[in-house]
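Here is the file query_30.cif (mmCIF, C-alpha atoms).
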```cif
data_structure
loop_
_atom_site.label_atom_id
_atom_site.label_comp_id
_atom_site.auth_asym_id
_atom_site.auth_seq_id
_atom_site.Cartn_x
_atom_site.Cartn_y
_atom_site.Cartn_z
CA MET A 4 -45.76 -18.88 -69.93
CA ARG A 5 -42.88 -21.37 -69.76
CA THR A 6 -40.19 -21.09 -67.13
CA ALA A 7 -37.17 -23.08 -65.99
CA GLY A 8 -37.73 -25.17 -62.92
CA LEU A 9 -35.78 -26.40 -59.92
CA THR A 10 -36.30 -29.48 -57.79
CA MET A 11 -37.80 -29.22 -54.33
CA ASN A 12 -34.67 -30.67 -52.75
CA ASP A 13 -32.66 -27.72 -54.01
CA VAL A 14 -31.06 -25.66 -51.25
CA TRP A 15 -32.85 -22.53 -52.49
CA ALA A 16 -36.25 -24.12 -51.87
CA HIS A 17 -35.51 -24.53 -48.16
CA ARG A 18 -34.21 -20.98 -47.96
CA VAL A 19 -37.34 -19.60 -49.59
CA LEU A 20 -39.56 -21.48 -47.14
CA ARG A 21 -37.62 -20.06 -44.19
CA GLU A 22 -37.50 -16.52 -45.53
CA ARG A 23 -40.07 -14.09 -44.20
CA GLY A 24 -41.74 -11.42 -46.23
CA VAL A 25 -41.32 -13.39 -49.47
CA GLU A 26 -44.41 -13.98 -51.61
CA THR A 27 -44.74 -17.71 -52.30
CA TYR A 28 -47.45 -20.06 -53.49
CA ARG A 29 -47.39 -23.70 -52.42
CA LEU A 30 -49.47 -26.19 -54.39
CA GLU A 31 -49.82 -29.88 -53.46
CA GLY A 32 -51.15 -32.84 -55.48
CA VAL A 33 -51.20 -30.98 -58.77
CA THR A 34 -52.23 -33.16 -61.73
CA ALA A 35 -49.63 -32.79 -64.45
CA GLU A 36 -48.02 -34.43 -67.45
CA LEU A 37 -44.34 -35.19 -67.41
CA GLY A 38 -42.13 -34.88 -70.44
CA VAL A 39 -39.62 -37.74 -70.09
CA MET A 40 -36.77 -38.44 -72.49
CA VAL A 41 -36.82 -42.25 -72.64
CA GLU A 42 -33.34 -43.74 -72.48
CA SER A 43 -34.05 -47.47 -72.12
CA LEU A 44 -36.99 -49.87 -72.26
CA ASP A 45 -36.74 -53.45 -70.99
CA LEU A 46 -39.24 -56.29 -71.05
CA LYS A 47 -39.43 -57.87 -67.60
CA HIS A 48 -41.69 -60.28 -65.73
CA ARG A 49 -43.49 -60.41 -62.41
CA GLY A 50 -42.96 -63.13 -59.85
CA LYS A 51 -44.36 -66.62 -59.68
CA GLU A 52 -47.38 -65.48 -57.66
CA GLU A 53 -48.42 -63.33 -60.67
CA ASN A 54 -47.71 -66.10 -63.18
CA TYR A 55 -44.66 -64.25 -64.54
CA ARG A 56 -46.81 -61.58 -66.17
CA PRO A 57 -44.72 -59.39 -68.54
CA TYR A 58 -44.33 -55.63 -68.19
CA LEU A 59 -42.08 -52.86 -69.50
CA HIS A 60 -39.54 -51.01 -67.37
CA MET A 61 -38.79 -47.55 -68.72
CA THR A 62 -35.97 -45.26 -67.54
CA GLY A 63 -35.42 -41.68 -68.63
CA GLU A 64 -34.81 -38.07 -67.64
CA LEU A 65 -37.40 -35.44 -66.70
CA ARG A 66 -37.55 -32.63 -69.26
CA SER A 67 -40.80 -30.81 -68.47
CA VAL A 68 -43.80 -30.61 -66.15
CA THR A 69 -47.10 -29.38 -67.60
CA PRO A 70 -49.82 -28.82 -64.96
CA ALA A 71 -53.45 -29.42 -65.87
CA ARG A 72 -54.22 -25.85 -64.79
CA ALA A 73 -52.01 -22.82 -65.14
CA LEU A 74 -49.95 -21.89 -62.11
CA PRO A 75 -49.85 -18.43 -60.57
CA PHE A 76 -48.45 -15.73 -62.81
CA GLY A 77 -49.70 -17.60 -65.87
CA ILE A 78 -47.11 -20.37 -65.77
CA SER A 79 -48.21 -23.18 -68.10
CA GLN A 80 -45.07 -25.34 -68.19
CA VAL A 81 -41.88 -25.88 -66.21
CA THR A 82 -38.87 -27.03 -68.22
CA TYR A 83 -35.48 -28.55 -67.38
CA SER A 84 -32.28 -28.46 -69.38
CA PRO A 85 -30.67 -31.76 -70.47
CA GLY A 86 -28.80 -33.23 -67.53
CA GLN A 87 -30.66 -31.05 -65.01
CA GLY A 88 -33.85 -33.06 -64.68
CA GLU A 89 -34.47 -35.92 -62.25
CA LYS A 90 -34.25 -39.57 -63.24
CA VAL A 91 -37.60 -41.23 -63.89
CA ASP A 92 -38.51 -44.93 -63.59
CA ALA A 93 -41.88 -46.01 -64.96
CA PHE A 94 -43.52 -49.45 -65.24
CA TYR A 95 -45.95 -50.10 -68.09
CA GLU A 96 -48.54 -52.83 -67.43
CA PHE A 97 -50.12 -54.76 -70.33
CA ASP A 98 -53.81 -55.59 -70.11
CA ASP A 99 -55.16 -59.01 -71.12
CA GLN A 100 -56.00 -57.92 -74.66
CA GLN A 101 -52.49 -56.59 -75.19
CA LEU A 102 -51.03 -59.86 -73.96
CA VAL A 103 -53.08 -61.68 -76.60
CA VAL A 104 -51.60 -59.37 -79.23
CA LEU A 105 -48.07 -60.02 -77.98
CA ALA A 106 -48.64 -63.78 -78.10
CA SER A 107 -49.92 -63.54 -81.66
CA LYS A 108 -46.77 -61.61 -82.62
CA GLY A 109 -44.47 -64.37 -81.45
CA TYR A 110 -43.92 -63.53 -77.81
CA PHE A 111 -42.92 -67.16 -77.13
CA THR A 112 -40.29 -67.24 -79.89
CA SER A 113 -36.59 -66.47 -79.62
CA GLY A 114 -36.66 -63.50 -81.99
CA PHE A 115 -39.16 -61.48 -79.94
CA ALA A 116 -37.60 -58.19 -78.76
CA VAL A 117 -38.51 -54.71 -77.57
CA PRO A 118 -38.96 -52.23 -80.46
CA GLU A 119 -36.10 -49.76 -80.77
CA GLN A 120 -38.19 -46.87 -82.12
CA VAL A 121 -39.76 -46.17 -78.72
CA THR A 122 -36.46 -45.09 -77.12
CA GLY A 123 -34.63 -41.84 -77.66
CA ILE A 124 -37.89 -39.87 -77.83
CA GLU A 125 -39.87 -37.85 -75.30
CA TRP A 126 -42.91 -39.46 -73.70
CA GLU A 127 -45.75 -37.72 -71.92
CA LEU A 128 -46.58 -39.54 -68.71
CA PRO A 129 -49.30 -38.76 -66.15
CA ALA A 130 -48.25 -37.87 -62.60
CA THR A 131 -49.00 -35.68 -59.60
CA ALA A 132 -46.62 -33.09 -58.19
CA ASP A 133 -46.09 -30.62 -55.37
CA MET A 134 -45.03 -27.13 -56.48
CA LEU A 135 -43.63 -24.06 -54.80
CA VAL A 136 -43.86 -20.82 -56.79
CA LEU A 137 -41.68 -17.90 -55.78
CA ALA A 138 -43.17 -14.63 -56.96
CA PRO A 139 -40.96 -12.15 -58.80
CA SER A 140 -39.73 -9.11 -56.98
CA GLY A 141 -41.93 -6.03 -56.87
CA ALA A 142 -39.50 -4.04 -58.93
CA GLN A 143 -40.15 -4.29 -62.62
CA THR A 144 -36.64 -5.27 -63.61
CA GLU A 145 -35.79 -6.87 -66.90
CA GLY A 146 -35.56 -10.65 -66.72
CA ASP A 147 -37.33 -10.86 -63.39
CA ALA A 148 -39.58 -13.98 -63.48
CA PRO A 149 -41.17 -16.33 -60.98
CA VAL A 150 -39.19 -19.38 -59.82
CA VAL A 151 -40.89 -22.79 -59.60
CA PHE A 152 -39.71 -25.69 -57.45
CA THR A 153 -41.26 -29.12 -58.18
CA GLN A 154 -41.42 -32.51 -56.48
CA ILE A 155 -42.92 -35.40 -58.51
CA HIS A 156 -44.77 -38.10 -56.57
CA ASP A 157 -43.32 -41.63 -57.03
CA ILE A 158 -40.84 -40.47 -59.63
CA GLY A 159 -38.86 -43.67 -59.06
CA GLY A 160 -41.83 -45.98 -59.60
CA LEU A 161 -44.56 -44.54 -61.82
CA GLU A 162 -47.29 -47.07 -62.63
CA ILE A 163 -48.74 -46.51 -66.10
CA ASP A 164 -50.84 -48.46 -68.59
CA LEU A 165 -52.84 -48.00 -71.78
CA GLU A 166 -55.69 -46.19 -70.04
CA SER A 167 -53.58 -43.75 -68.01
CA SER A 168 -50.90 -42.94 -70.59
CA GLY A 169 -52.78 -43.41 -73.85
CA TYR A 170 -49.87 -45.39 -75.33
CA ASP A 171 -50.66 -48.79 -76.83
CA LEU A 172 -47.14 -50.17 -76.74
CA ALA A 173 -48.22 -53.64 -77.85
CA GLY A 174 -48.76 -52.23 -81.32
CA TYR A 175 -45.11 -51.18 -81.61
CA PHE A 176 -43.79 -54.73 -81.36
CA ALA A 177 -42.84 -56.37 -84.65
CA ASP A 178 -44.46 -59.64 -85.74
CA HIS A 179 -42.04 -62.52 -85.14
CA SER A 180 -44.60 -65.32 -85.25
CA LYS A 181 -43.31 -66.67 -88.58
CA ASP A 182 -39.58 -66.06 -88.53
CA GLY A 183 -38.94 -67.25 -84.98
CA VAL A 184 -38.80 -70.68 -83.39
CA PRO A 185 -40.35 -71.72 -80.09
CA ARG A 186 -38.28 -70.55 -77.16
CA ALA A 187 -38.20 -74.01 -75.63
CA GLU A 188 -36.54 -75.39 -78.76
CA ALA A 189 -33.92 -72.71 -79.38
CA VAL A 190 -30.96 -71.27 -77.56
CA VAL A 191 -31.67 -67.70 -76.58
CA ASP A 192 -29.41 -65.43 -78.60
CA ALA A 193 -27.69 -62.28 -77.37
CA ARG A 194 -30.48 -60.09 -78.64
CA GLY A 195 -33.12 -62.08 -76.81
CA LEU A 196 -31.14 -61.95 -73.59
CA LYS A 197 -30.78 -58.19 -73.92
CA ALA A 198 -34.49 -57.77 -74.55
CA ARG A 199 -35.39 -60.00 -71.61
CA SER A 200 -32.98 -58.88 -68.96
CA ASP A 201 -34.59 -61.08 -66.30
CA ALA A 202 -34.87 -64.22 -68.42
CA ILE A 203 -34.06 -67.48 -66.66
CA ASN A 204 -30.48 -68.52 -67.33
CA SER A 205 -29.85 -72.00 -68.64
CA LEU A 206 -28.41 -74.58 -66.25
CA PHE A 207 -25.94 -75.65 -68.96
CA THR A 208 -23.25 -73.64 -70.71
CA GLU A 209 -22.85 -73.55 -74.47
CA ASP A 210 -19.80 -75.81 -74.20
CA GLU A 211 -21.85 -78.41 -72.33
CA LEU A 212 -24.68 -78.21 -74.81
CA GLY A 213 -22.30 -78.16 -77.77
CA LEU A 214 -25.02 -76.77 -80.00
CA ASP A 215 -22.68 -74.70 -82.17
CA THR A 216 -19.90 -77.22 -82.72
CA LYS A 217 -21.58 -80.61 -82.61
CA VAL A 218 -24.76 -80.17 -84.63
CA LYS A 219 -23.07 -80.98 -87.94
CA GLU A 220 -21.33 -83.99 -86.45
CA VAL A 221 -24.54 -85.45 -85.07
CA VAL A 222 -26.48 -85.14 -88.35
CA GLY A 223 -25.89 -88.28 -90.43
CA ALA A 224 -23.65 -89.95 -87.88
CA PRO A 225 -24.42 -93.59 -86.98
CA VAL A 226 -26.30 -94.13 -83.81
CA PRO A 227 -23.81 -95.34 -81.18
CA GLU A 228 -24.61 -98.32 -79.06
CA ALA A 229 -25.83 -97.53 -75.61
CA ALA A 230 -23.00 -97.89 -73.15
CA PRO A 231 -23.67 -100.16 -70.20
CA VAL A 232 -24.51 -98.10 -67.19
CA ALA A 233 -25.50 -100.82 -64.77
CA GLY A 234 -22.01 -101.10 -63.32
CA GLY A 235 -21.63 -97.35 -62.91
CA MET A 236 -25.06 -96.99 -61.36
CA SER A 237 -24.39 -99.89 -58.99
CA ALA A 238 -21.11 -98.35 -57.87
CA ARG A 239 -22.78 -94.99 -57.40
CA LEU A 240 -25.60 -96.56 -55.37
CA GLN A 241 -23.10 -98.36 -53.18
CA GLN A 242 -21.24 -95.10 -52.64
CA ILE A 243 -24.47 -93.34 -51.69
CA GLU A 244 -25.40 -96.15 -49.31
CA ALA A 245 -21.97 -95.97 -47.69
CA GLU A 246 -22.28 -92.20 -47.29
CA ILE A 247 -25.73 -92.58 -45.75
CA ALA A 248 -24.49 -95.27 -43.37
CA ALA A 249 -21.54 -93.09 -42.34
CA GLU A 250 -23.84 -90.13 -41.74
CA ARG A 251 -26.21 -92.30 -39.71
CA GLU A 252 -23.35 -93.68 -37.60
CA HIS A 253 -21.97 -90.17 -37.05
CA TYR A 254 -25.41 -88.94 -36.05
CA GLN A 255 -25.92 -91.82 -33.60
CA THR A 256 -22.47 -91.21 -32.10
CA GLU A 257 -23.26 -87.55 -31.59
CA ARG A 258 -26.60 -88.43 -30.04
CA ALA A 259 -24.98 -90.95 -27.71
CA SER A 260 -22.45 -88.36 -26.53
CA THR A 261 -25.06 -85.62 -26.04
CA GLU A 262 -26.28 -85.52 -22.47
CA GLY A 263 -30.03 -85.89 -22.02
CA THR A 264 -30.76 -87.75 -25.25
CA THR A 265 -32.30 -91.22 -25.39
CA GLU A 266 -29.15 -92.69 -26.90
CA ASN A 267 -27.00 -91.17 -24.15
CA LEU A 268 -29.23 -92.60 -21.40
CA TYR A 269 -29.13 -96.06 -23.00
CA ARG A 270 -25.34 -96.01 -23.31
CA GLU A 271 -24.73 -94.76 -19.75
CA ARG A 272 -27.33 -96.82 -17.87
CA VAL A 273 -28.33 -99.87 -19.90
CA ALA A 274 -25.39 -100.75 -22.12
CA ALA A 275 -22.84 -100.17 -19.34
CA ALA A 276 -24.73 -102.45 -16.94
CA LEU A 277 -25.04 -105.20 -19.56
CA GLN A 278 -21.33 -105.06 -20.31
CA THR A 279 -20.43 -105.34 -16.61
CA ALA A 280 -22.72 -108.34 -16.13
CA LYS A 281 -21.28 -110.05 -19.17
CA GLU A 282 -17.72 -109.68 -17.91
CA GLN A 283 -18.58 -111.09 -14.44
CA GLU A 284 -20.63 -114.16 -15.43
CA GLU A 285 -18.98 -117.71 -15.40
CA PRO A 286 -18.35 -119.62 -18.59
CA LEU A 287 -21.40 -121.68 -19.44
CA ALA A 288 -21.59 -125.28 -20.62
CA PRO A 289 -21.60 -125.75 -24.32
CA PRO A 290 -25.03 -125.63 -25.84
CA VAL A 291 -27.13 -128.74 -26.34
CA PRO A 292 -26.44 -129.09 -30.06
CA ALA A 293 -22.69 -129.06 -29.39
CA ARG A 294 -22.94 -131.78 -26.70
CA GLU A 295 -25.08 -133.95 -28.97
CA ALA A 296 -22.55 -133.61 -31.75
CA GLN A 297 -19.68 -134.66 -29.43
CA HIS A 298 -21.68 -137.68 -28.20
CA ASP A 299 -22.39 -138.81 -31.76
CA LEU A 300 -18.70 -138.51 -32.58
CA ASP A 301 -17.67 -140.67 -29.59
CA LEU A 302 -20.28 -143.28 -30.47
CA ASP A 303 -19.01 -143.51 -34.02
CA LEU A 304 -15.44 -144.08 -32.76
CA ASN A 305 -16.51 -146.90 -30.39
CA LEU A 306 -18.44 -148.66 -33.13
CA GLU A 307 -15.49 -148.43 -35.43
CA GLN A 308 -13.17 -149.97 -32.83
CA GLU A 309 -15.66 -152.75 -32.06
CA SER A 310 -16.01 -153.59 -35.73
CA ARG A 311 -12.26 -153.84 -36.04
CA ARG A 312 -12.10 -156.32 -33.12
CA ARG A 313 -14.84 -158.42 -34.59
CA GLU A 314 -13.26 -158.75 -37.96
CA VAL A 315 -13.26 -162.45 -39.15
CA LYS A 316 -9.76 -163.77 -39.51
CA PRO A 317 -8.97 -165.73 -42.69
CA ALA A 318 -9.23 -169.57 -42.42
CA PRO A 319 -5.81 -171.26 -41.76
CA SER A 320 -4.30 -173.47 -44.40
CA LEU A 321 -4.05 -177.30 -44.14
CA ASP A 322 -0.41 -177.22 -43.12
CA GLU A 323 -1.17 -174.64 -40.50
CA ARG A 324 -3.96 -176.76 -39.07
CA LYS A 325 -1.63 -179.88 -38.99
CA ARG A 326 0.99 -177.83 -37.15
CA GLN A 327 -1.60 -176.67 -34.65
CA VAL A 328 -2.84 -180.25 -34.04
CA SER A 329 0.75 -181.54 -33.56
CA GLN A 330 1.43 -178.74 -31.14
CA ARG A 331 -1.75 -179.52 -29.24
CA ALA A 332 -0.85 -183.24 -29.03
CA ALA A 333 2.63 -182.45 -27.77
CA ASP A 334 1.13 -180.29 -25.08
CA LEU A 335 -1.17 -183.08 -24.02
CA ASP A 336 1.70 -185.60 -23.88
CA PHE A 337 3.72 -183.23 -21.78
CA GLY A 338 0.83 -182.96 -19.41
CA GLU A 339 0.50 -186.71 -18.90
CA ASP A 340 4.24 -187.16 -18.24
CA GLY A 341 4.13 -184.50 -15.67
CA GLU A 342 1.25 -186.05 -13.86
CA GLN A 343 3.08 -189.42 -13.72
CA SER A 344 6.19 -187.87 -12.34
CA LEU A 345 4.23 -186.10 -9.74
CA GLY A 346 2.45 -189.38 -8.76
CA SER A 347 5.66 -191.34 -8.28
#
```
Conversion result in C-alpha cells:
Amino acid sequence: MRTAGLTMNDVWAHRVLRERGVETYRLEGVTAELGVMVESLDLKHRGKEENYRPYLHMTGELRSVTPARALPFGISQVTYSPGQGEKVDAFYEFDDQQLVVLASKGYFTSGFAVPEQVTGIEWELPATADMLVLAPSGAQTEGDAPVVFTQIHDIGGLEIDLESSGYDLAGYFADHSKDGVPRAEAVVDARGLKARSDAINSLFTEDELGLDTKVKEVVGAPVPEAAPVAGGMSARLQQIEAEIAAEREHYQTERASTEGTTENLYRERVAAALQTAKEQEEPLAPPVPAREAQHDLDLDLNLEQESRRREVKPAPSLDERKRQVSQRAADLDFGEDGEQSLGS
C-alpha cells in the first residue's frame, strides 16, 4: 500500500508522541530507497590533500521513500507531493576506473561538461530512515488510513557511489577527447565554468589577456624589438632598496624607543655617555699627517726664498765697471786727504 507521508519535524509528529492511548509504531534505522527528483548536478573537486579528486554534487527534492520491508499495515511506499518533500544533497564519488574513463573522454579539455540528460529525472538513492507510523482509528470509516512520519539520515549529505547506487555516471559523459583543446592552452568558456563551479579563476581578466581582440593582430605582424628594460628595472630596484632602508630605519627607531630592548639600552646608557664625553674633551692637536704636510710646506717656502737670494746677478758692462773703478779711486783719494788734514 502507498500512502502520503509527513516529515518527523512536523508539529503533528510531536503531538502524536505525547498523546496517550494512541497506537503508534516507531521504527529506527530502516533501510530504504529514496526517490529524488534531481534538479542540478555539478562537477566539483576535493581539496589539495586529496589531489583535487573530482566528484558530483547532486541537489533535488524528496518524492518517495520505499522501505526494504513493508511497514505495519502493509505500507510499501511513502510518497510526497511536489514541493512538499525535503531538499536532498548527495555526493557521488568516482572510483579509479571511472576516473580513467573520464580522462579518456577529454576530462582535461575545455569542452568537458556534465551531461544534461541526468537532470530533471527521478533517481533512486540508498539511505536509512527513522519512521513513526500512526495506526488508523478503530472505527472503520471511509478514507481512514495510517499516517507515516519519516526522518532521513544525512539527507543534506548523502554519500553515494557506483556500488551503493548502481549508477555508472561516468558512462553518461560525452566524448570530448577529439573536439576539445587542452585546458591549459584554452580560455575556459562560459559552459566550462558552469560545469565546473569550483574551477580556479584566472589571475588575469579577458581585457588583460586580449585573447578575443588581439589574436588577429598578432598573427602575421612583425616581431617588435625588445624594449630596453634595464633602466626600468634599475629604477625599480633602487625604489625597493629605498623602501627597505626606510623600513629598517623605522624598525630600528621603534626598537630604540621601546623600553627593555637592546637598542633602547644602547641609546640610553652607551650612546648618551659617549656623546657627553665627546662634548667635554679638549681639542686635540692635528694628526701627524697634517703636521708633516705643514712642515713640508714651510720647508718649500724657505728653499724658494733662499734660491731667490742666491740668484746670480748679470755681469756689469764695461762702462759700468769703469764708473765703479772711478768711484772707488775717488773714495780712496778722499780718504788720503782726510788723513792729511787730520795729521796737520
Reference answer for the PyMOL selection byres ((chain A and resi 155) around 8), as a PDB file with C-alpha atoms, keeping the file's coordinate frame:
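Generated file (expr-v2.pdb):
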```pdb
ATOM      1  CA  ALA A 130     -48.250 -37.870 -62.600  1.00  0.00           C
ATOM      2  CA  THR A 131     -49.000 -35.680 -59.600  1.00  0.00           C
ATOM      3  CA  ALA A 132     -46.620 -33.090 -58.190  1.00  0.00           C
ATOM      4  CA  ASP A 133     -46.090 -30.620 -55.370  1.00  0.00           C
ATOM      5  CA  THR A 153     -41.260 -29.120 -58.180  1.00  0.00           C
ATOM      6  CA  GLN A 154     -41.420 -32.510 -56.480  1.00  0.00           C
ATOM      7  CA  HIS A 156     -44.770 -38.100 -56.570  1.00  0.00           C
ATOM      8  CA  ASP A 157     -43.320 -41.630 -57.030  1.00  0.00           C
ATOM      9  CA  ILE A 158     -40.840 -40.470 -59.630  1.00  0.00           C
TER      10      ILE A 158
END
```
### Task
Evaluate the PyMOL selection byres ((chain A and resi 168) around 10) on the structure here and hand back the selected residues as a PyMOL selection string.
chain A and resi 36+95+126-130+162-167+169-171
Go ahead and save the picked residues with C-alpha atoms, as a CSV table (one decimal), keeping the file's coordinate frame.
```
chain,number,residue,atom,x,y,z
A,36,GLU,CA,-48.0,-34.4,-67.4
A,95,TYR,CA,-46.0,-50.1,-68.1
A,126,TRP,CA,-42.9,-39.5,-73.7
A,127,GLU,CA,-45.8,-37.7,-71.9
A,128,LEU,CA,-46.6,-39.5,-68.7
A,129,PRO,CA,-49.3,-38.8,-66.2
A,130,ALA,CA,-48.2,-37.9,-62.6
A,162,GLU,CA,-47.3,-47.1,-62.6
A,163,ILE,CA,-48.7,-46.5,-66.1
A,164,ASP,CA,-50.8,-48.5,-68.6
A,165,LEU,CA,-52.8,-48.0,-71.8
A,166,GLU,CA,-55.7,-46.2,-70.0
A,167,SER,CA,-53.6,-43.8,-68.0
A,169,GLY,CA,-52.8,-43.4,-73.8
A,170,TYR,CA,-49.9,-45.4,-75.3
A,171,ASP,CA,-50.7,-48.8,-76.8
```
### Query
What does the distance between CA of Pro75 (chain A) and CA of Ala16 (chain A) come to in Å, to one decimal place?
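Between CA of Pro75 (chain A) and CA of Ala16 (chain A) the gap works out to 17.1 Å.
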### Query
Taking all atoms listed in the file into account, which of A:Glu119, A:Gln80, A:Gly109, A:Leu277 comes nearest Arg5 (chain A)?
A:Gln80
### Answer key for the PyMOL selection byres ((chain A and resi 173-183) around 10), residues as a PyMOL selection string
chain A and resi 97-98+100-121+165+170-172+184-186+189
### Query
Separation of CA of Tyr58 (chain A) and CA of Glu96 (chain A), in Å?
5.1 Å
### Message
Ranking A:Val81, A:Val91, A:Val150, A:Ala245 by minimum distance to Met40 (chain A) and counting only C-alpha atoms, which one comes first?
### Response
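So, comparing all the options, the nearest one is A:Val91.
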Could you name the residues that touch Arg49 (chain A) at 10 Å or less, counting all atoms listed in the file, but leaving out those on the same chain fewer than 6 positions away, as a short mmCIF file (atom, residue, chain, number, x, y, z; two decimals) with C-alpha atoms, keeping the file's coordinate frame?
```
data_model
loop_
_atom_site.label_atom_id
_atom_site.label_comp_id
_atom_site.auth_asym_id
_atom_site.auth_seq_id
_atom_site.Cartn_x
_atom_site.Cartn_y
_atom_site.Cartn_z
CA TYR A 55 -44.66 -64.25 -64.54
CA ARG A 56 -46.81 -61.58 -66.17
CA PRO A 57 -44.72 -59.39 -68.54
CA TYR A 58 -44.33 -55.63 -68.19
CA ASP A 201 -34.59 -61.08 -66.30
#
```
### Message
What does the structure give for the distance between CA of Ala148 (chain A) and CA of Leu9 (chain A), in Å to one decimal?
### Response
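Between these atoms lies a distance of 13.5 Å.
Minimum distance to Ile78 (chain A) across A:Asn267, A:Ala249, A:Leu137, A:Ala259 (counting all atoms listed in the file) occurs at A:Leu137.
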### Query
Which one is closest to His17 (chain A): A:Ala138, A:Phe152, A:Pro70, A:Ser329? Count all atoms listed in the file.
A:Phe152
### Message
Quick one: residues within 6 Å of region 42-45 of chain A, only C-alpha atoms, excluding same-chain residues fewer than 5 positions away - as a VMD selection string?
### Response
chain A and resid 59 to 63 122 to 123
